[in-house]
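Colleague: Dropping the structure in here first, questions after.
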Amino acid sequence: DTELEYQCHITIAYIHPVMMNKCTRLAWRLLDLPRPPFGSNGGHCPGGVMTAWLATPGTRPSSSMKNWDPAQFKPRKAVILTKVSRYEYEKLQHDKLSERQLEETLTKRGSDYTMIRYHHNVHKALEQEVVKGLESVGMETKVVKRYQYNDEVVKWADLIVTTGGDGTFLMGSSKILNRNKPILGINTDPTRSEGHLCLPKHYSFNVQEAIDAIFSGRFKWFFRRRLRVTLIGAKEKIDQPPVELHD
């Protein structure tokens, strides 16, 4: 239970880690089958995603990357996948409006323009802090939005870093096909967003501490399971553009 508790608190998952682990254990117990060679008890998870898990006081490490020495991980190139903020989204939707007109449009819709700008600035400031922190340790960086994030960008990078929340992390993880390529999520709005799949909020306020821990080998590897979804139906409906929700 302790292990499950801090997995949920610290690391990443495509579905809630507590529920995933409990359901998996229960299923194998009911079926009376041997435990599968993956998950939090060691081994490799097919289709899984790997992340750096930063140890915090009072927790014991749980890693399925026991044969990987964190001290040997020396990435040189990092892609920073950054979220499209609500402000940026509205600017794209109303690209012909002046700033004053945009403010009036949002206000008429009942949105708080001042807070939208404020949280945008918070996100961008932390994004820049991440970039500067990575470059300070000699890494080459490339900042991309979700519509610029593709297989070529992922292949170029040694490390994927997401700046945003859980949605940005899931987007970043979805295109990683090589399970030996790690992903690190940093919550850029820690006062408003929980960021269950990102690093603890402590590191949002101490980005350089997280980067230093990774480059000094003071972390544990962690594998998380992913789900593959197949859509079956009319091709014209499946190929329709997705609807994006921005809070």
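Scheme for the structure tokens: letters A, B, ... for chains in order shown; per-chain residue numbers from 1; ligand numbers from 1 in order shown.
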Quick one: residues within 10 Å of A:Glu90, only C-alpha atoms counted, chain neighbours fewer than 5 positions away excluded, as a PyMOL selection string?
Modeller: chain A and resi 84-85+95+102+105-106+116+246
Colleague: Kindly save the residues from that selection, with all heavy atoms included, as a PDB file, in the first residue's frame.
Modeller:
ATOM      1  N   VAL A  84      -0.560  24.392 -25.230  1.00  0.00           N
ATOM      2  CA  VAL A  84      -1.158  25.610 -25.769  1.00  0.00           C
ATOM      3  C   VAL A  84      -2.055  26.173 -24.671  1.00  0.00           C
ATOM      4  O   VAL A  84      -3.046  25.559 -24.287  1.00  0.00           O
ATOM      5  CB  VAL A  84      -1.983  25.320 -27.038  1.00  0.00           C
ATOM      6  CG1 VAL A  84      -2.672  26.592 -27.527  1.00  0.00           C
ATOM      7  CG2 VAL A  84      -1.089  24.738 -28.132  1.00  0.00           C
ATOM      8  N   SER A  85      -1.688  27.309 -24.143  1.00  0.00           N
ATOM      9  CA  SER A  85      -2.451  27.892 -23.041  1.00  0.00           C
ATOM     10  C   SER A  85      -3.808  28.374 -23.538  1.00  0.00           C
ATOM     11  O   SER A  85      -4.041  28.540 -24.742  1.00  0.00           O
ATOM     12  CB  SER A  85      -1.690  29.057 -22.410  1.00  0.00           C
ATOM     13  OG  SER A  85      -1.651  30.165 -23.302  1.00  0.00           O
ATOM     14  N   ASP A  95      -7.616  35.542 -34.406  1.00  0.00           N
ATOM     15  CA  ASP A  95      -6.335  36.122 -34.809  1.00  0.00           C
ATOM     16  C   ASP A  95      -6.466  37.522 -35.425  1.00  0.00           C
ATOM     17  O   ASP A  95      -5.473  38.246 -35.550  1.00  0.00           O
ATOM     18  CB  ASP A  95      -5.623  35.188 -35.793  1.00  0.00           C
ATOM     19  CG  ASP A  95      -6.461  34.889 -37.031  1.00  0.00           C
ATOM     20  OD1 ASP A  95      -7.699  34.944 -36.922  1.00  0.00           O
ATOM     21  OD2 ASP A  95      -5.884  34.600 -38.089  1.00  0.00           O
ATOM     22  N   LEU A 102     -10.152  41.337 -28.113  1.00  0.00           N
ATOM     23  CA  LEU A 102     -10.146  39.975 -27.564  1.00  0.00           C
ATOM     24  C   LEU A 102     -10.627  40.000 -26.115  1.00  0.00           C
ATOM     25  O   LEU A 102     -11.420  39.144 -25.703  1.00  0.00           O
ATOM     26  CB  LEU A 102      -8.738  39.383 -27.636  1.00  0.00           C
ATOM     27  CG  LEU A 102      -8.565  37.993 -27.023  1.00  0.00           C
ATOM     28  CD1 LEU A 102      -9.429  36.967 -27.752  1.00  0.00           C
ATOM     29  CD2 LEU A 102      -7.099  37.565 -27.043  1.00  0.00           C
ATOM     30  N   THR A 105     -14.356  40.398 -26.096  1.00  0.00           N
ATOM     31  CA  THR A 105     -15.028  39.172 -26.550  1.00  0.00           C
ATOM     32  C   THR A 105     -15.071  38.133 -25.446  1.00  0.00           C
ATOM     33  O   THR A 105     -16.112  37.510 -25.194  1.00  0.00           O
ATOM     34  CB  THR A 105     -14.300  38.600 -27.786  1.00  0.00           C
ATOM     35  OG1 THR A 105     -14.335  39.550 -28.852  1.00  0.00           O
ATOM     36  CG2 THR A 105     -14.963  37.304 -28.244  1.00  0.00           C
ATOM     37  N   LEU A 106     -13.951  37.948 -24.758  1.00  0.00           N
ATOM     38  CA  LEU A 106     -13.890  36.960 -23.690  1.00  0.00           C
ATOM     39  C   LEU A 106     -14.758  37.384 -22.503  1.00  0.00           C
ATOM     40  O   LEU A 106     -15.410  36.547 -21.870  1.00  0.00           O
ATOM     41  CB  LEU A 106     -12.443  36.748 -23.239  1.00  0.00           C
ATOM     42  CG  LEU A 106     -11.503  36.123 -24.278  1.00  0.00           C
ATOM     43  CD1 LEU A 106     -10.086  36.028 -23.734  1.00  0.00           C
ATOM     44  CD2 LEU A 106     -11.997  34.740 -24.677  1.00  0.00           C
ATOM     45  N   ILE A 116      -6.903  34.712 -17.326  1.00  0.00           N
ATOM     46  CA  ILE A 116      -6.410  33.936 -18.471  1.00  0.00           C
ATOM     47  C   ILE A 116      -4.985  34.382 -18.831  1.00  0.00           C
ATOM     48  O   ILE A 116      -4.095  33.554 -19.062  1.00  0.00           O
ATOM     49  CB  ILE A 116      -7.353  34.097 -19.683  1.00  0.00           C
ATOM     50  CG1 ILE A 116      -8.679  33.386 -19.414  1.00  0.00           C
ATOM     51  CG2 ILE A 116      -6.708  33.546 -20.947  1.00  0.00           C
ATOM     52  CD1 ILE A 116      -9.722  33.596 -20.487  1.00  0.00           C
ATOM     53  N   HIS A 246     -10.535  23.415 -23.671  1.00  0.00           N
ATOM     54  CA  HIS A 246      -9.576  24.247 -22.941  1.00  0.00           C
ATOM     55  C   HIS A 246     -10.279  24.873 -21.756  1.00  0.00           C
ATOM     56  O   HIS A 246     -11.270  25.570 -21.917  1.00  0.00           O
ATOM     57  CB  HIS A 246      -9.006  25.346 -23.850  1.00  0.00           C
ATOM     58  CG  HIS A 246      -8.080  24.824 -24.911  1.00  0.00           C
ATOM     59  ND1 HIS A 246      -6.730  24.864 -24.812  1.00  0.00           N
ATOM     60  CD2 HIS A 246      -8.377  24.202 -26.083  1.00  0.00           C
ATOM     61  CE1 HIS A 246      -6.196  24.320 -25.888  1.00  0.00           C
ATOM     62  NE2 HIS A 246      -7.175  23.907 -26.674  1.00  0.00           N
TER      63      HIS A 246
END
Colleague: If we count only C-alpha atoms, what is near A:Ala78 at a cut-off of 9 Å, once residues fewer than 2 positions away on the same chain are taken out, given as a PDB file with N, CA and C atoms, in the first residue's frame?
Modeller:
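Done, and the output landed in out-v7.pdb:
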ATOM      1  N   PRO A  75      21.716  12.542 -21.301  1.00  0.00           N
ATOM      2  CA  PRO A  75      21.074  13.023 -22.524  1.00  0.00           C
ATOM      3  C   PRO A  75      21.716  14.306 -23.037  1.00  0.00           C
ATOM      4  N   ARG A  76      21.719  14.460 -24.344  1.00  0.00           N
ATOM      5  CA  ARG A  76      22.298  15.646 -24.959  1.00  0.00           C
ATOM      6  C   ARG A  76      21.259  16.529 -25.632  1.00  0.00           C
ATOM      7  N   ILE A  80      11.145  19.927 -25.594  1.00  0.00           N
ATOM      8  CA  ILE A  80      10.194  20.425 -24.597  1.00  0.00           C
ATOM      9  C   ILE A  80       8.850  20.594 -25.298  1.00  0.00           C
ATOM     10  N   LEU A 134      17.832  23.260 -18.601  1.00  0.00           N
ATOM     11  CA  LEU A 134      18.397  22.187 -19.425  1.00  0.00           C
ATOM     12  C   LEU A 134      19.621  22.666 -20.196  1.00  0.00           C
ATOM     13  N   MET A 139      22.635  20.910 -22.529  1.00  0.00           N
ATOM     14  CA  MET A 139      21.727  20.221 -23.431  1.00  0.00           C
ATOM     15  C   MET A 139      21.259  21.121 -24.565  1.00  0.00           C
ATOM     16  N   GLU A 140      21.096  20.513 -25.729  1.00  0.00           N
ATOM     17  CA  GLU A 140      20.471  21.192 -26.853  1.00  0.00           C
ATOM     18  C   GLU A 140      18.964  21.006 -26.723  1.00  0.00           C
ATOM     19  N   THR A 141      18.205  22.078 -26.845  1.00  0.00           N
ATOM     20  CA  THR A 141      16.766  21.994 -26.621  1.00  0.00           C
ATOM     21  C   THR A 141      15.979  22.427 -27.858  1.00  0.00           C
ATOM     22  N   LYS A 142      14.772  21.931 -27.937  1.00  0.00           N
ATOM     23  CA  LYS A 142      13.857  22.300 -29.008  1.00  0.00           C
ATOM     24  C   LYS A 142      12.455  22.373 -28.405  1.00  0.00           C
ATOM     25  N   VAL A 143      11.844  23.556 -28.427  1.00  0.00           N
ATOM     26  CA  VAL A 143      10.503  23.752 -27.866  1.00  0.00           C
ATOM     27  C   VAL A 143       9.477  23.616 -28.980  1.00  0.00           C
ATOM     28  N   TRP A 156      14.552  12.685 -32.765  1.00  0.00           N
ATOM     29  CA  TRP A 156      15.704  13.564 -32.575  1.00  0.00           C
ATOM     30  C   TRP A 156      16.144  13.630 -31.120  1.00  0.00           C
ATOM     31  N   ALA A 157      15.211  13.529 -30.203  1.00  0.00           N
ATOM     32  CA  ALA A 157      15.480  13.798 -28.784  1.00  0.00           C
ATOM     33  C   ALA A 157      15.984  12.574 -28.031  1.00  0.00           C
ATOM     34  N   ASP A 158      16.802  12.828 -27.014  1.00  0.00           N
ATOM     35  CA  ASP A 158      17.202  11.792 -26.054  1.00  0.00           C
ATOM     36  C   ASP A 158      16.240  11.775 -24.869  1.00  0.00           C
ATOM     37  N   LEU A 159      15.561  12.894 -24.662  1.00  0.00           N
ATOM     38  CA  LEU A 159      14.653  13.053 -23.522  1.00  0.00           C
ATOM     39  C   LEU A 159      13.483  13.930 -23.942  1.00  0.00           C
ATOM     40  N   ILE A 160      12.275  13.507 -23.572  1.00  0.00           N
ATOM     41  CA  ILE A 160      11.087  14.322 -23.813  1.00  0.00           C
ATOM     42  C   ILE A 160      10.677  14.955 -22.482  1.00  0.00           C
ATOM     43  N   VAL A 161      10.550  16.266 -22.479  1.00  0.00           N
ATOM     44  CA  VAL A 161      10.097  16.991 -21.294  1.00  0.00           C
ATOM     45  C   VAL A 161       8.799  17.705 -21.650  1.00  0.00           C
TER      46      VAL A 161
END
Colleague: Can you pull out every residue within 7 Å of stretch 185-189 of chain A, counting only C-alpha atoms, but drop anything in the same chain fewer than 4 positions away, and send it as a list in words?
Modeller: Val122, His123, Leu126, Val161, Thr162, Thr163, Gly164, Gly165, Phe169, Ser193, Gly195, Leu197, Cys198, Leu199, Lys201 and Ser204 of chain A
Colleague: What does the distance between atom CA of A:Val144 and atom CA of A:Val79 come to in Å, to one decimal place?
Modeller: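 Result for atom CA of A:Val144 versus atom CA of A:Val79: 7.2 Å, one decimal.
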Colleague: If you run DSSP on the backbone, which residues of stretch 102-185 of chain A are helix (DSSP H, G or I), as a ChimeraX atom specification?
Modeller: /A:102-108,113-136,146-148,151-156,166-174
Colleague: Write the selection just made, keeping C-alpha atoms, as a PDB file, in the first residue's frame?
Modeller:
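out.pdb was written with the following content:
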ATOM      1  CA  LEU A 102     -10.146  39.975 -27.564  1.00  0.00           C
ATOM      2  CA  GLU A 103     -10.588  41.093 -23.961  1.00  0.00           C
ATOM      3  CA  GLU A 104     -14.084  42.388 -24.712  1.00  0.00           C
ATOM      4  CA  THR A 105     -15.028  39.172 -26.550  1.00  0.00           C
ATOM      5  CA  LEU A 106     -13.890  36.960 -23.690  1.00  0.00           C
ATOM      6  CA  THR A 107     -15.562  39.160 -21.097  1.00  0.00           C
ATOM      7  CA  LYS A 108     -18.886  38.969 -22.945  1.00  0.00           C
ATOM      8  CA  TYR A 113      -9.439  37.866 -19.316  1.00  0.00           C
ATOM      9  CA  THR A 114      -7.080  39.017 -16.559  1.00  0.00           C
ATOM     10  CA  MET A 115      -6.805  35.548 -15.039  1.00  0.00           C
ATOM     11  CA  ILE A 116      -6.410  33.936 -18.471  1.00  0.00           C
ATOM     12  CA  ARG A 117      -3.424  36.220 -19.140  1.00  0.00           C
ATOM     13  CA  TYR A 118      -2.066  35.656 -15.648  1.00  0.00           C
ATOM     14  CA  HIS A 119      -2.018  31.859 -15.917  1.00  0.00           C
ATOM     15  CA  HIS A 120      -0.551  32.119 -19.409  1.00  0.00           C
ATOM     16  CA  ASN A 121       2.311  34.196 -18.038  1.00  0.00           C
ATOM     17  CA  VAL A 122       2.871  31.725 -15.193  1.00  0.00           C
ATOM     18  CA  HIS A 123       3.065  28.853 -17.684  1.00  0.00           C
ATOM     19  CA  LYS A 124       5.443  30.675 -20.058  1.00  0.00           C
ATOM     20  CA  ALA A 125       7.742  31.779 -17.236  1.00  0.00           C
ATOM     21  CA  LEU A 126       8.127  28.208 -15.985  1.00  0.00           C
ATOM     22  CA  GLU A 127       8.549  26.932 -19.530  1.00  0.00           C
ATOM     23  CA  GLN A 128      11.476  29.324 -20.011  1.00  0.00           C
ATOM     24  CA  GLU A 129      12.928  28.240 -16.684  1.00  0.00           C
ATOM     25  CA  VAL A 130      12.901  24.632 -17.869  1.00  0.00           C
ATOM     26  CA  VAL A 131      14.619  25.560 -21.133  1.00  0.00           C
ATOM     27  CA  LYS A 132      17.291  27.603 -19.359  1.00  0.00           C
ATOM     28  CA  GLY A 133      17.839  24.865 -16.777  1.00  0.00           C
ATOM     29  CA  LEU A 134      18.397  22.187 -19.425  1.00  0.00           C
ATOM     30  CA  GLU A 135      20.667  24.421 -21.464  1.00  0.00           C
ATOM     31  CA  SER A 136      22.683  25.278 -18.349  1.00  0.00           C
ATOM     32  CA  ARG A 146       1.363  19.903 -29.870  1.00  0.00           C
ATOM     33  CA  TYR A 147       0.775  20.523 -33.599  1.00  0.00           C
ATOM     34  CA  GLN A 148       4.571  20.487 -34.171  1.00  0.00           C
ATOM     35  CA  ASP A 151       7.748  11.234 -34.982  1.00  0.00           C
ATOM     36  CA  GLU A 152      10.737  13.106 -36.394  1.00  0.00           C
ATOM     37  CA  VAL A 153      10.894  15.407 -33.369  1.00  0.00           C
ATOM     38  CA  VAL A 154      10.645  12.466 -30.969  1.00  0.00           C
ATOM     39  CA  LYS A 155      13.379  10.562 -32.816  1.00  0.00           C
ATOM     40  CA  TRP A 156      15.704  13.564 -32.575  1.00  0.00           C
ATOM     41  CA  ASP A 166      -1.501  15.795 -17.418  1.00  0.00           C
ATOM     42  CA  GLY A 167      -2.930  16.350 -20.898  1.00  0.00           C
ATOM     43  CA  THR A 168       0.401  17.594 -22.229  1.00  0.00           C
ATOM     44  CA  PHE A 169       2.162  14.652 -20.628  1.00  0.00           C
ATOM     45  CA  LEU A 170      -0.223  12.172 -22.242  1.00  0.00           C
ATOM     46  CA  MET A 171       0.287  13.875 -25.592  1.00  0.00           C
ATOM     47  CA  GLY A 172       4.037  13.602 -25.189  1.00  0.00           C
ATOM     48  CA  SER A 173       3.886   9.977 -24.175  1.00  0.00           C
ATOM     49  CA  SER A 174       1.547   8.962 -26.999  1.00  0.00           C
TER      50      SER A 174
END
Colleague: So, counting only C-alpha atoms, which residue among A:Arg179, A:Arg100, A:His202, A:His196 is closest to A:Arg225?
Modeller: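 Closest candidate: A:Arg179.
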Colleague: Just list the residues in stretch 80-235 of chain A DSSP gives strand (DSSP E or B) on the backbone, as number ranges by chain.
Modeller: A: 80-82, 140-144, 159-164, 182-187, 220-224
Colleague: Identify, on the basis of only C-alpha atoms, every residue whose closest approach to stretch 215-218 of chain A does not exceed 9 Å; exclude the query and any residue fewer than 5 positions from it along the same chain; express the result as a list in words.
Modeller: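 So, after excluding close chain neighbours, the residues are Leu54, Ala55, Asp69, Pro70, Ala71, Gln72, Phe73, Lys74, Pro75, Val137 and Ala210 of chain A.
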Colleague: Output N, CA and C atoms of each residue in that selection to a file, as an mmCIF file, in the first residue's frame.
Modeller:
data_model
loop_
_atom_site.group_PDB
_atom_site.id
_atom_site.type_symbol
_atom_site.label_atom_id
_atom_site.label_comp_id
_atom_site.auth_asym_id
_atom_site.auth_seq_id
_atom_site.Cartn_x
_atom_site.Cartn_y
_atom_site.Cartn_z
ATOM 1 N N LEU A 54 12.008 11.013 -9.189
ATOM 2 C CA LEU A 54 12.908 11.701 -8.266
ATOM 3 C C LEU A 54 12.553 11.336 -6.839
ATOM 4 N N ALA A 55 13.489 10.754 -6.144
ATOM 5 C CA ALA A 55 13.247 10.311 -4.778
ATOM 6 C C ALA A 55 13.044 11.507 -3.856
ATOM 7 N N ASP A 69 21.624 1.917 -14.866
ATOM 8 C CA ASP A 69 22.282 2.773 -13.892
ATOM 9 C C ASP A 69 21.933 4.228 -14.205
ATOM 10 N N PRO A 70 21.177 4.913 -13.332
ATOM 11 C CA PRO A 70 20.810 6.308 -13.599
ATOM 12 C C PRO A 70 22.018 7.208 -13.849
ATOM 13 N N ALA A 71 23.147 6.877 -13.224
ATOM 14 C CA ALA A 71 24.342 7.706 -13.387
ATOM 15 C C ALA A 71 24.868 7.674 -14.821
ATOM 16 N N GLN A 72 24.480 6.647 -15.581
ATOM 17 C CA GLN A 72 24.940 6.523 -16.965
ATOM 18 C C GLN A 72 24.052 7.285 -17.951
ATOM 19 N N PHE A 73 22.944 7.810 -17.465
ATOM 20 C CA PHE A 73 22.029 8.531 -18.348
ATOM 21 C C PHE A 73 22.528 9.958 -18.525
ATOM 22 N N LYS A 74 23.027 10.261 -19.716
ATOM 23 C CA LYS A 74 23.563 11.581 -20.019
ATOM 24 C C LYS A 74 22.961 12.096 -21.332
ATOM 25 N N PRO A 75 21.716 12.542 -21.301
ATOM 26 C CA PRO A 75 21.074 13.023 -22.524
ATOM 27 C C PRO A 75 21.716 14.306 -23.037
ATOM 28 N N VAL A 137 23.010 22.864 -18.329
ATOM 29 C CA VAL A 137 23.807 21.649 -18.139
ATOM 30 C C VAL A 137 24.305 21.128 -19.484
ATOM 31 N N ALA A 210 15.403 19.615 -9.858
ATOM 32 C CA ALA A 210 15.015 18.405 -10.588
ATOM 33 C C ALA A 210 16.031 18.075 -11.675
#
Colleague: Please, what distance in Å, to one decimal, runs between atom CA of A:Trp221 and atom CA of A:Glu209?
Modeller: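 That distance, rounded to one decimal, is 17.3 Å.
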Colleague: How far is it from atom CA of A:Ile211 to atom CA of A:Leu184, in Å with one decimal?
Modeller: 10.3 Å
